[in-house]
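Shown below: work-v7.cif, with mmCIF, C-alpha atoms.
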```
data_data
loop_
_atom_site.label_atom_id
_atom_site.label_comp_id
_atom_site.auth_asym_id
_atom_site.auth_seq_id
_atom_site.Cartn_x
_atom_site.Cartn_y
_atom_site.Cartn_z
CA MET A 1 0.00 0.00 0.00
CA MET A 2 2.80 2.37 1.02
CA LYS A 3 4.77 1.41 -2.07
CA ARG A 4 1.82 2.20 -4.35
CA LYS A 5 1.34 5.59 -2.71
CA LYS A 6 5.00 6.37 -3.26
CA GLN A 7 4.74 5.36 -6.92
CA VAL A 8 1.71 7.58 -7.46
CA GLY A 9 3.55 10.42 -5.73
CA ASN A 10 6.58 9.98 -8.00
CA LEU A 11 4.36 9.90 -11.09
CA ALA A 12 2.60 13.07 -9.99
CA GLN A 13 5.98 14.76 -9.52
CA VAL A 14 7.11 13.73 -13.01
CA VAL A 15 3.84 14.98 -14.56
CA LEU A 16 4.08 18.25 -12.66
CA PHE A 17 7.72 18.72 -13.64
CA SER A 18 7.01 18.08 -17.31
CA LEU A 19 4.07 20.49 -17.20
CA VAL A 20 6.32 23.16 -15.72
CA VAL A 21 9.23 22.53 -18.09
CA ALA A 22 7.34 21.86 -21.34
CA GLY A 23 7.08 24.88 -23.62
CA CYS A 24 3.73 26.25 -24.70
CA THR A 25 2.72 27.75 -28.01
CA HIS A 26 0.79 30.99 -27.75
CA VAL A 27 -1.11 31.90 -30.88
CA TYR A 28 -2.46 35.42 -31.33
CA LYS A 29 -5.32 36.16 -33.72
CA ALA A 30 -4.99 38.80 -36.38
CA PRO A 31 -8.35 40.35 -37.30
CA VAL A 32 -9.27 39.90 -40.95
CA ASN A 33 -11.60 42.92 -41.07
CA LEU A 34 -11.04 44.88 -44.23
CA VAL A 35 -9.33 48.19 -43.61
CA LYS A 36 -11.45 51.23 -44.47
CA VAL A 37 -9.77 53.77 -46.65
CA ASP A 38 -11.34 57.19 -46.23
CA GLN A 39 -9.59 59.17 -48.90
CA GLN A 40 -11.50 59.79 -52.08
CA ARG A 41 -9.09 59.27 -54.93
CA GLU A 42 -9.58 58.74 -58.61
CA ILE A 43 -9.34 55.11 -59.61
CA ILE A 44 -6.32 54.43 -61.84
CA PRO A 45 -7.55 53.03 -65.17
CA LEU A 46 -5.32 49.97 -65.36
CA ASN A 47 -5.93 46.25 -65.57
CA VAL A 48 -3.52 44.60 -63.14
CA GLU A 49 -2.75 41.10 -61.91
CA LEU A 50 -2.37 40.92 -58.14
CA ARG A 51 -0.03 38.11 -57.21
CA LEU A 52 -0.79 36.79 -53.76
CA SER A 53 1.86 34.17 -53.22
CA ASP A 54 1.78 31.32 -50.72
CA GLU A 55 4.65 33.09 -48.97
CA LEU A 56 2.37 36.06 -48.26
CA ARG A 57 -0.65 33.90 -47.39
CA ASN A 58 1.45 32.00 -44.83
CA ALA A 59 3.29 35.04 -43.47
CA LYS A 60 3.59 35.14 -39.71
CA TRP A 61 5.52 36.61 -36.86
CA GLU A 62 7.13 34.03 -34.60
CA LYS A 63 9.30 34.21 -31.53
CA HIS A 64 10.84 31.48 -29.40
CA MET A 65 11.53 32.54 -25.88
CA MET A 66 12.47 30.56 -22.79
CA GLY A 67 10.90 27.37 -24.16
CA ASP A 68 7.69 29.05 -25.29
CA THR A 69 6.71 29.87 -28.85
CA PHE A 70 4.66 32.94 -29.70
CA VAL A 71 2.97 33.00 -33.09
CA LEU A 72 1.01 35.69 -34.88
CA PRO A 73 -0.35 34.44 -38.21
CA LEU A 74 -0.62 37.47 -40.48
CA GLY A 75 -1.15 35.85 -43.90
CA ASP A 76 -4.96 36.07 -44.09
CA ALA A 77 -5.11 39.68 -42.93
CA LEU A 78 -2.35 40.67 -45.37
CA ALA A 79 -3.76 38.82 -48.38
CA GLN A 80 -7.36 39.97 -47.93
CA ASN A 81 -6.45 43.58 -47.29
CA ALA A 82 -3.92 43.62 -50.14
CA GLU A 83 -6.72 42.58 -52.50
CA ALA A 84 -9.19 45.10 -51.04
CA VAL A 85 -6.71 47.98 -51.31
CA THR A 86 -5.65 47.06 -54.87
CA ARG A 87 -9.31 46.95 -55.93
CA GLN A 88 -9.78 50.46 -54.52
CA VAL A 89 -6.82 51.79 -56.49
CA PHE A 90 -7.11 50.10 -59.92
CA SER A 91 -10.05 49.76 -62.27
CA GLU A 92 -9.59 46.04 -62.91
CA VAL A 93 -7.85 43.46 -60.72
CA VAL A 94 -7.25 39.77 -61.36
CA VAL A 95 -6.00 37.82 -58.35
CA THR A 96 -3.60 34.91 -58.91
CA PRO A 97 -1.20 32.96 -56.70
CA GLY A 98 1.64 34.16 -58.94
CA THR A 99 2.98 30.67 -59.56
CA ASN A 100 2.93 31.23 -63.33
CA ASN A 101 5.69 33.41 -64.67
CA GLU A 102 3.47 34.55 -67.51
CA ALA A 103 0.92 37.24 -66.89
CA THR A 104 -2.81 36.64 -67.18
CA SER A 105 -4.05 37.68 -70.59
CA GLY A 106 -5.50 41.16 -70.78
CA VAL A 107 -3.57 42.63 -67.85
CA LYS A 108 -1.05 45.43 -68.33
CA ALA A 109 1.01 44.94 -65.17
CA MET A 110 1.65 42.61 -62.25
CA ILE A 111 1.60 43.72 -58.63
CA THR A 112 3.25 41.63 -55.92
CA PRO A 113 3.04 42.41 -52.22
CA LYS A 114 5.62 40.75 -49.96
CA MET A 115 6.06 40.92 -46.19
CA VAL A 116 9.65 41.90 -45.46
CA VAL A 117 9.56 42.62 -41.73
CA ALA A 118 7.31 41.68 -38.82
CA GLU A 119 8.71 42.65 -35.43
CA TRP A 120 7.05 42.95 -32.06
CA THR A 121 8.52 44.55 -28.96
CA TRP A 122 7.37 43.80 -25.44
CA GLY A 123 7.44 46.23 -22.58
CA ALA A 124 9.52 45.43 -19.52
CA THR A 125 6.43 45.91 -17.36
CA ALA A 126 2.67 45.71 -17.96
CA PHE A 127 2.62 49.49 -18.44
CA GLY A 128 5.54 49.46 -20.87
CA ASP A 129 4.88 50.19 -24.53
CA SER A 130 4.67 47.31 -26.93
CA ILE A 131 5.07 48.05 -30.65
CA LEU A 132 4.13 45.80 -33.53
CA SER A 133 5.59 46.79 -36.89
CA VAL A 134 4.96 45.14 -40.25
CA ILE A 135 6.72 46.22 -43.42
CA LEU A 136 5.23 45.28 -46.77
CA GLU A 137 7.02 45.61 -50.10
CA TRP A 138 4.84 46.46 -53.10
CA LYS A 139 6.31 45.83 -56.54
CA MET A 140 4.78 46.60 -59.91
CA GLU A 141 6.27 45.03 -63.04
CA ASP A 142 5.36 45.41 -66.68
CA LEU A 143 4.66 42.39 -68.88
CA LYS A 144 8.37 42.04 -69.70
CA GLY A 145 9.26 41.83 -66.03
CA ASN A 146 10.76 45.34 -65.77
CA VAL A 147 10.16 46.98 -62.42
CA VAL A 148 7.88 49.99 -62.92
CA TRP A 149 7.65 50.91 -59.25
CA ILE A 150 8.68 49.43 -55.92
CA ASP A 151 7.99 50.74 -52.45
CA THR A 152 8.12 49.52 -48.87
CA VAL A 153 5.32 50.55 -46.55
CA LYS A 154 5.32 50.31 -42.75
CA GLY A 155 2.43 49.86 -40.35
CA ASP A 156 2.73 50.32 -36.58
CA GLY A 157 0.48 49.38 -33.70
CA LYS A 158 1.27 50.59 -30.17
CA GLU A 159 -0.36 49.58 -26.89
CA ASN A 160 0.58 48.82 -23.29
CA THR A 161 1.99 45.31 -22.99
CA GLY A 162 -0.68 44.51 -20.40
CA ASN A 163 -0.76 42.06 -17.54
CA ILE A 164 -1.83 38.42 -17.47
CA PHE A 165 -5.50 39.46 -17.79
CA THR A 166 -5.23 42.28 -20.34
CA HIS A 167 -2.32 41.16 -22.53
CA LYS A 168 -4.40 39.30 -25.14
CA SER A 169 -7.02 42.03 -25.56
CA ASN A 170 -4.30 44.72 -25.75
CA ALA A 171 -2.47 42.62 -28.34
CA ARG A 172 -5.65 42.31 -30.43
CA LYS A 173 -6.13 46.10 -30.41
CA GLN A 174 -2.49 46.54 -31.31
CA ILE A 175 -2.62 44.10 -34.25
CA ASP A 176 -5.75 45.83 -35.53
CA LYS A 177 -4.03 49.23 -35.35
CA CYS A 178 -0.94 47.90 -37.12
CA ILE A 179 -2.89 46.31 -40.02
CA THR A 180 -5.05 49.43 -40.42
CA ASP A 181 -1.99 51.67 -40.50
CA LEU A 182 -0.21 49.35 -42.93
CA PHE A 183 -3.00 49.28 -45.49
CA GLN A 184 -3.92 52.94 -45.20
CA ASN A 185 -0.27 53.71 -45.95
CA SER A 186 -0.28 51.13 -48.75
CA PHE A 187 -3.33 52.77 -50.32
CA GLN A 188 -1.60 56.13 -50.07
CA ALA A 189 1.59 54.79 -51.66
CA LEU A 190 -0.16 53.00 -54.54
CA SER A 191 -2.66 55.72 -55.36
CA SER A 192 -0.17 58.60 -55.24
CA SER A 193 2.69 56.98 -57.14
CA VAL A 194 3.83 59.19 -60.05
CA GLU A 195 5.41 56.17 -61.77
CA ILE A 196 2.21 54.09 -61.67
CA MET A 197 0.11 56.97 -62.97
CA GLU A 198 2.57 57.59 -65.80
CA PHE A 199 2.58 53.91 -66.67
CA ALA A 200 -1.22 53.77 -66.69
CA LYS A 201 -1.34 56.83 -68.94
CA LYS A 202 1.13 55.26 -71.35
CA GLY A 203 -0.78 51.98 -71.33
CA ALA A 204 -4.06 53.72 -72.05
CA ASP A 205 -2.65 55.61 -75.07
CA MET B 1 17.19 46.32 44.94
CA ASN B 2 17.84 44.47 41.76
CA LEU B 3 14.14 43.97 41.14
CA ASN B 4 13.43 47.65 41.66
CA SER B 5 16.15 48.80 39.38
CA GLY B 6 14.99 46.24 36.79
CA MET B 7 11.41 47.52 36.96
CA LYS B 8 12.61 51.11 36.63
CA PHE B 9 14.66 50.23 33.58
CA PHE B 10 11.67 48.59 31.86
CA GLN B 11 9.41 51.50 32.73
CA THR B 12 11.86 53.98 31.27
CA PHE B 13 12.46 51.81 28.19
CA PHE B 14 8.73 51.42 27.38
CA GLY B 15 8.16 55.10 28.10
CA VAL B 16 10.83 56.11 25.62
CA CYS B 17 9.52 53.62 23.05
CA ARG B 18 5.96 54.86 23.46
CA TYR B 19 7.06 58.45 23.16
CA GLY B 20 9.41 57.76 20.29
CA LEU B 21 6.98 55.68 18.28
CA PHE B 22 3.61 57.16 18.99
CA SER B 23 4.08 60.85 19.67
CA ARG B 24 2.51 63.03 16.95
CA LYS B 25 5.86 64.50 15.95
CA ALA B 26 7.51 61.09 15.72
CA ARG B 27 4.58 59.63 13.78
CA SER B 28 4.64 62.37 11.17
CA LYS B 29 8.41 61.90 10.86
CA LEU B 30 7.92 58.17 10.40
CA ARG B 31 5.19 58.71 7.81
CA PHE B 32 7.46 61.05 5.87
CA ARG B 33 10.29 58.51 5.96
CA LYS B 34 7.98 55.72 4.82
CA LEU B 35 6.76 57.88 1.96
CA LEU B 36 10.33 58.78 1.02
CA VAL B 37 11.36 55.12 0.98
CA CYS B 38 8.33 54.21 -1.17
CA VAL B 39 9.03 57.02 -3.63
CA LEU B 40 12.70 56.03 -3.87
CA ALA B 41 11.82 52.35 -4.35
CA LEU B 42 9.27 53.18 -7.06
CA ALA B 43 11.74 55.47 -8.80
CA LEU B 44 14.34 52.69 -8.76
CA VAL B 45 11.85 50.11 -10.06
CA PHE B 46 10.52 52.32 -12.85
CA ASN B 47 13.94 53.55 -13.85
CA GLY B 48 15.52 50.11 -13.85
CA CYS B 49 12.55 48.30 -15.35
CA ALA B 50 11.43 50.85 -17.92
CA THR B 51 11.12 49.62 -21.49
CA MET B 52 14.22 50.44 -23.50
CA ARG B 53 13.89 53.37 -25.91
CA LEU B 54 16.27 53.97 -28.78
CA PRO B 55 16.50 57.33 -30.56
CA GLU B 56 15.99 57.91 -34.28
CA HIS B 57 19.06 58.60 -36.39
CA GLU B 58 18.12 61.84 -38.11
CA ALA B 59 19.54 62.59 -41.54
CA GLN B 60 21.73 65.70 -41.75
CA SER B 61 21.97 68.07 -44.68
CA PHE B 62 24.03 66.56 -47.51
CA ASP B 63 26.93 69.08 -47.02
CA HIS B 64 27.43 67.59 -43.56
CA TYR B 65 28.48 64.17 -44.89
CA LYS B 66 32.09 63.35 -45.76
CA ASN B 67 30.90 60.76 -48.26
CA ALA B 68 28.33 62.31 -50.58
CA GLN B 69 27.88 62.26 -54.35
CA VAL B 70 25.40 63.64 -56.86
CA LYS B 71 24.84 61.89 -60.21
CA SER B 72 22.01 62.60 -62.66
CA GLU B 73 20.42 64.80 -59.97
CA LEU B 74 20.36 61.90 -57.52
CA ALA B 75 22.22 62.78 -54.30
CA VAL B 76 23.48 59.89 -52.18
CA ALA B 77 25.38 60.14 -48.89
CA ILE B 78 26.69 57.47 -46.55
CA GLN B 79 27.91 57.49 -42.95
CA PRO B 80 29.53 54.32 -41.56
CA LEU B 81 28.95 54.14 -37.81
CA THR B 82 32.32 53.14 -36.40
CA ASP B 83 32.09 54.77 -32.99
CA VAL B 84 30.95 52.26 -30.38
CA LYS B 85 29.30 55.04 -28.34
CA ASP B 86 27.12 56.04 -31.33
CA ILE B 87 26.30 52.42 -32.16
CA LYS B 88 25.20 51.71 -28.59
CA GLU B 89 23.12 54.89 -28.55
CA TYR B 90 21.21 54.08 -31.75
CA PHE B 91 21.09 50.27 -31.56
CA GLY B 92 21.29 49.52 -27.84
CA THR B 93 24.09 47.02 -28.33
CA ASN B 94 27.65 46.97 -29.69
CA LEU B 95 27.16 45.64 -33.21
CA LEU B 96 30.87 45.99 -34.00
CA SER B 97 31.75 43.40 -31.37
CA MET B 98 29.59 41.02 -33.46
CA ASN B 99 31.46 42.13 -36.58
CA VAL B 100 28.41 43.96 -37.91
CA LEU B 101 28.96 47.40 -39.42
CA PRO B 102 25.90 49.67 -39.73
CA ILE B 103 26.11 52.22 -42.54
CA PHE B 104 23.61 55.04 -42.71
CA ILE B 105 22.48 55.76 -46.28
CA ALA B 106 20.51 58.84 -47.31
CA ALA B 107 19.34 59.58 -50.85
CA GLU B 108 17.46 62.46 -52.41
CA ASN B 109 16.06 62.81 -55.91
CA ARG B 110 16.74 66.44 -56.83
CA GLY B 111 15.43 66.07 -60.35
CA SER B 112 12.03 67.08 -61.65
CA ALA B 113 11.37 64.31 -64.19
CA SER B 114 13.40 61.17 -63.47
CA SER B 115 12.64 58.50 -60.87
CA PHE B 116 15.21 56.10 -59.44
CA ILE B 117 14.97 52.69 -57.84
CA LEU B 118 17.50 52.21 -55.06
CA SER B 119 17.53 48.50 -54.42
CA LYS B 120 19.26 47.19 -51.30
CA ASP B 121 20.01 43.95 -53.15
CA ARG B 122 22.43 45.95 -55.29
CA PHE B 123 24.50 47.26 -52.36
CA THR B 124 27.91 45.62 -52.09
CA MET B 125 30.90 46.25 -49.88
CA GLY B 126 34.45 45.09 -50.36
CA ALA B 127 38.05 45.93 -49.56
CA ALA B 128 38.95 49.26 -51.16
CA GLN B 129 41.54 47.69 -53.50
CA SER B 130 38.95 45.44 -55.11
CA ALA B 131 35.98 47.72 -55.11
CA HIS B 132 33.62 45.75 -57.32
CA ASN B 133 34.60 42.27 -56.33
CA ASN B 134 31.68 42.12 -53.92
CA LEU B 135 33.86 40.49 -51.29
CA ASN B 136 31.48 40.97 -48.45
CA GLN B 137 27.89 41.02 -49.48
CA ALA B 138 25.28 42.61 -47.25
CA GLY B 139 25.23 40.28 -44.29
CA SER B 140 22.63 39.41 -41.74
CA GLY B 141 24.20 39.94 -38.36
CA ARG B 142 20.98 41.51 -37.25
CA GLU B 143 19.26 38.48 -35.72
CA SER B 144 22.14 37.71 -33.40
CA ALA B 145 22.16 41.16 -31.86
CA GLY B 146 18.93 40.85 -29.95
CA GLN B 147 19.09 37.11 -29.46
CA SER B 148 22.43 37.13 -27.71
CA VAL B 149 20.86 39.20 -24.96
CA ALA B 150 17.89 36.83 -24.68
CA ILE B 151 20.09 33.76 -24.34
CA VAL B 152 21.77 35.23 -21.27
CA GLY B 153 18.34 35.93 -19.80
CA ALA B 154 16.96 32.48 -20.60
CA ALA B 155 19.65 30.74 -18.57
CA LEU B 156 18.62 32.44 -15.33
CA ILE B 157 15.56 30.98 -13.65
CA SER B 158 15.53 32.04 -10.00
CA MET B 159 12.70 34.45 -9.19
CA PRO B 160 14.55 37.77 -8.85
CA MET B 161 16.68 36.78 -11.82
CA LEU B 162 13.60 35.83 -13.81
CA PHE B 163 12.49 39.42 -13.43
CA ALA B 164 15.87 40.54 -14.71
CA ALA B 165 15.53 38.07 -17.55
CA MET B 166 12.14 39.52 -18.49
CA LYS B 167 13.75 42.94 -18.72
CA MET B 168 16.46 41.51 -20.98
CA ILE B 169 13.86 39.84 -23.19
CA SER B 170 12.06 43.15 -23.48
CA ASP B 171 15.36 44.84 -24.38
CA SER B 172 16.20 42.17 -26.94
CA THR B 173 12.82 42.63 -28.67
CA VAL B 174 13.38 46.40 -28.73
CA ILE B 175 16.91 45.97 -30.15
CA GLN B 176 15.75 43.55 -32.83
CA HIS B 177 12.72 45.66 -33.77
CA ASN B 178 14.87 48.78 -33.97
CA LEU B 179 17.45 47.08 -36.21
CA LYS B 180 14.85 45.89 -38.68
CA VAL B 181 12.72 49.01 -38.71
CA LYS B 182 15.77 51.24 -39.27
CA GLU B 183 17.02 49.08 -42.13
CA PHE B 184 17.23 50.67 -45.57
CA GLN B 185 14.47 49.27 -47.77
CA THR B 186 14.20 49.14 -51.54
CA ASN B 187 12.29 52.19 -52.74
CA THR B 188 11.39 54.21 -55.80
CA LEU B 189 12.55 57.78 -55.44
CA SER B 190 10.12 60.03 -57.27
CA PRO B 191 11.18 63.62 -58.07
CA GLY B 192 11.76 65.52 -54.84
CA GLU B 193 11.60 62.44 -52.61
CA LYS B 194 14.09 61.40 -49.91
CA VAL B 195 14.82 58.00 -48.36
CA GLN B 196 17.12 56.92 -45.59
CA GLY B 197 18.05 53.89 -43.52
CA PHE B 198 20.82 51.60 -42.36
CA ALA B 199 22.49 48.81 -44.30
CA TYR B 200 24.20 46.21 -42.11
CA PHE B 201 27.35 44.48 -43.32
CA GLN B 202 28.95 41.41 -41.82
CA LEU B 203 32.67 42.14 -41.51
CA PRO B 204 35.36 39.47 -41.48
CA ASP B 205 37.31 38.78 -38.30
CA LYS B 206 39.37 41.63 -36.89
CA LYS B 207 42.67 39.90 -37.71
CA THR B 208 41.93 39.55 -41.41
CA ARG B 209 39.95 42.77 -41.77
CA PRO B 210 41.30 45.46 -44.09
CA ASN B 211 41.06 49.05 -42.93
CA GLU B 212 39.99 50.64 -46.21
CA TRP B 213 36.57 49.72 -47.54
CA ASN B 214 34.48 50.51 -50.56
CA LEU B 215 30.70 50.65 -50.60
CA HIS B 216 29.07 50.34 -54.01
CA LEU B 217 25.44 51.39 -54.51
CA GLU B 218 23.40 51.26 -57.69
CA ALA B 219 20.35 53.26 -58.70
CA LEU B 220 18.18 52.41 -61.68
CA GLU B 221 16.61 55.26 -63.62
CA THR B 222 13.09 53.97 -64.32
CA ARG B 223 12.53 55.59 -67.75
CA SER B 224 15.87 55.01 -69.49
CA LYS B 225 16.68 51.83 -67.47
CA LYS B 226 20.17 53.31 -67.09
CA THR B 227 22.09 52.36 -63.94
CA GLU B 228 24.04 54.94 -61.94
CA GLY B 229 26.83 53.59 -59.72
CA PHE B 230 27.99 55.29 -56.52
CA ASP B 231 31.31 54.29 -54.90
CA PHE B 232 32.36 55.45 -51.48
CA THR B 233 35.70 54.67 -49.88
CA PHE B 234 36.08 54.90 -46.13
CA ALA B 235 38.35 53.68 -43.35
CA LEU B 236 37.47 51.66 -40.28
CA GLU B 237 39.69 53.40 -37.78
CA GLY B 238 41.78 51.05 -35.66
CA LYS B 239 40.77 48.00 -37.73
CA GLY B 240 37.22 47.68 -36.60
CA GLY B 241 36.04 51.07 -35.59
CA ASN B 242 36.69 53.17 -32.57
CA GLN B 243 36.38 50.54 -29.89
CA LYS B 244 36.21 52.74 -26.82
#
```
As structure tokens, the full file:
Amino acid sequence: MMKRKKQVGNLAQVVLFSLVVAGCTHVYKAPVNLVKVDQQREIIPLNVELRLSDELRNAKWEKHMMGDTFVLPLGDALAQNAEAVTRQVFSEVVVTPGTNNEATSGVKAMITPKMVVAEWTWGATAFGDSILSVILEWKMEDLKGNVVWIDTVKGDGKENTGNIFTHKSNARKQIDKCITDLFQNSFQALSSSVEIMEFAKKGAD
Amino acid sequence: MNLNSGMKFFQTFFGVCRYGLFSRKARSKLRFRKLLVCVLALALVFNGCATMRLPEHEAQSFDHYKNAQVKSELAVAIQPLTDVKDIKEYFGTNLLSMNVLPIFIAAENRGSASSFILSKDRFTMGAAQSAHNNLNQAGSGRESAGQSVAIVGAALISMPMLFAAMKMISDSTVIQHNLKVKEFQTNTLSPGEKVQGFAYFQLPDKKTRPNEWNLHLEALETRSKKTEGFDFTFALEGKGGNQK
């Protein structure tokens, strides 16, 4: 009887130890709400192919720290907003995964967004600032593959790091802010590009 | 006799204690001291545990830079950061000790018609004698900068040290974020536009490192598809910067 009790005790210790030592994976959720763009701009009369690669659709921020893994999947939010913003800038948009080198027939240019940076800082205390930054590269090529325009756009989201109870909700607000900022800036960059407007004018002639 | 003197001693002792601890004057003094200690402790905690902040590296006017060139109305200037004090101020860690050299690059399109693409993939750095040999391509020493701090923190697990480790993790995320956000990104420079940022180069070991370096940058004019090359020669003082 005593021996059995001891065995159960040992087993409980092993289970407890492995629970303490084993790393956890913390997954944050990025909202996939489409970003609203307030500015009223003239739509650029150009038929473009938007290439949303698997690399972009699977984009994420990931950090390994003290045995734990923190993951923020960004792919869906980036892909859906990239399409929404492109549709607000150009008259016609065809979405492809960009696996074919050749352009879709009828389009005049290809646009490829690519995530180049996703970094997240954590405050030293619950009141410390936490900043999430995502940098997206937008590239427009003509049908021969010449780069017409390329730009990198940054989006930031800042909030308090939060404590054990508020961290997740603060993080959600922060991710939302970052994605909104990123795609409002992207809209601005695409719609005000001199090079794109010139190219569209040439293509229309 | 002994009992009496003992009783007297206790009476005096308790009297003094009561007066010392509970008189109005003493209580207000004690309250003030307690408050002072609390304020000092909070100041220490907030100062020591505040989230790290790193300043922006502001671009100067082009005349300020030793290494500046203008070609086809495109002005480009570079500033290698070789002073450890400056590097620590802007990056929060000594990148040179990890053989990473940050070079600040600023460009301005002074033209009214042409646009240029400054692609970071076309930046190369090599020993000054063999300028275009692309000896040391743009390296990626960036990851290690923040992570090296985190590794130190991860090894410490006792409670007060865990708190210290958390601070280090916070610092490492700030350092890493700052490095990436300040990095020069590929951009199209429309007429009148300016861009700036850091390019990070992985240097060879100190023993085999030459002192004179050449940085080669290329800009593509979007209309004519003509490439403009910019070459800057500079010295790493004391074979690896000013290691103060």
Output as JSON lines one row per residue of range 158-182 of chain A within 12 Å of range 68-87 of chain A: the closest atom pair and its distance in Å to one decimal place, counting only C-alpha atoms, sorted by chain and residue number ascending.
```
{"residue": "A:Lys168", "atom": "CA", "partner": "A:Leu72", "partner_atom": "CA", "distance": 11.7}
{"residue": "A:Ala171", "atom": "CA", "partner": "A:Leu72", "partner_atom": "CA", "distance": 10.1}
{"residue": "A:Arg172", "atom": "CA", "partner": "A:Leu72", "partner_atom": "CA", "distance": 10.4}
{"residue": "A:Gln174", "atom": "CA", "partner": "A:Leu72", "partner_atom": "CA", "distance": 11.9}
{"residue": "A:Ile175", "atom": "CA", "partner": "A:Leu72", "partner_atom": "CA", "distance": 9.2}
{"residue": "A:Asp176", "atom": "CA", "partner": "A:Ala77", "partner_atom": "CA", "distance": 9.6}
{"residue": "A:Cys178", "atom": "CA", "partner": "A:Ala77", "partner_atom": "CA", "distance": 10.9}
{"residue": "A:Ile179", "atom": "CA", "partner": "A:Ala77", "partner_atom": "CA", "distance": 7.6}
{"residue": "A:Thr180", "atom": "CA", "partner": "A:Asn81", "partner_atom": "CA", "distance": 9.1}
{"residue": "A:Asp181", "atom": "CA", "partner": "A:Asn81", "partner_atom": "CA", "distance": 11.5}
{"residue": "A:Leu182", "atom": "CA", "partner": "A:Leu78", "partner_atom": "CA", "distance": 9.3}
```
Distance cut-off 8 Å, counting only C-alpha atoms - which residues of chain B neighbour chain A? Return them as a PyMOL selection string. chain B and resi 49-52+115+117+150+154+166-167+169-171+173-174+176-177+180-181+185-188+190+222
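Computed from the coordinates, the CA of Phe91 in chain B to CA of Leu203 in chain B distance equals 17.3 Å.
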Residues picked by the PyMOL selection byres ((chain B and resi 113) around 12) here, as an NGL selection string? (:A and (194-195 or 198)) or (:B and (72-74 or 109-112 or 114-116 or 189-193 or 221-224))
Got a sec: who's within 9 Å of Gly203 in chain A, counting all atoms listed in the file, leaving out chain neighbours fewer than 4 positions off, as number ranges by chain? A: 46, 108, 198-199
What is the CA of Thr208 in chain B-CA of Phe232 in chain B distance in Å, reported with one decimal? 21.1 Å
The PyMOL selection byres ((chain A and resi 99) around 9) applied to the shown file, residues as JSON, numbers by chain: {"A": [51, 53, 54, 96, 97, 98, 100, 101, 102]}
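You will find CA of Pro113 in chain A at 29.3 Å from CA of Leu54 in chain B.
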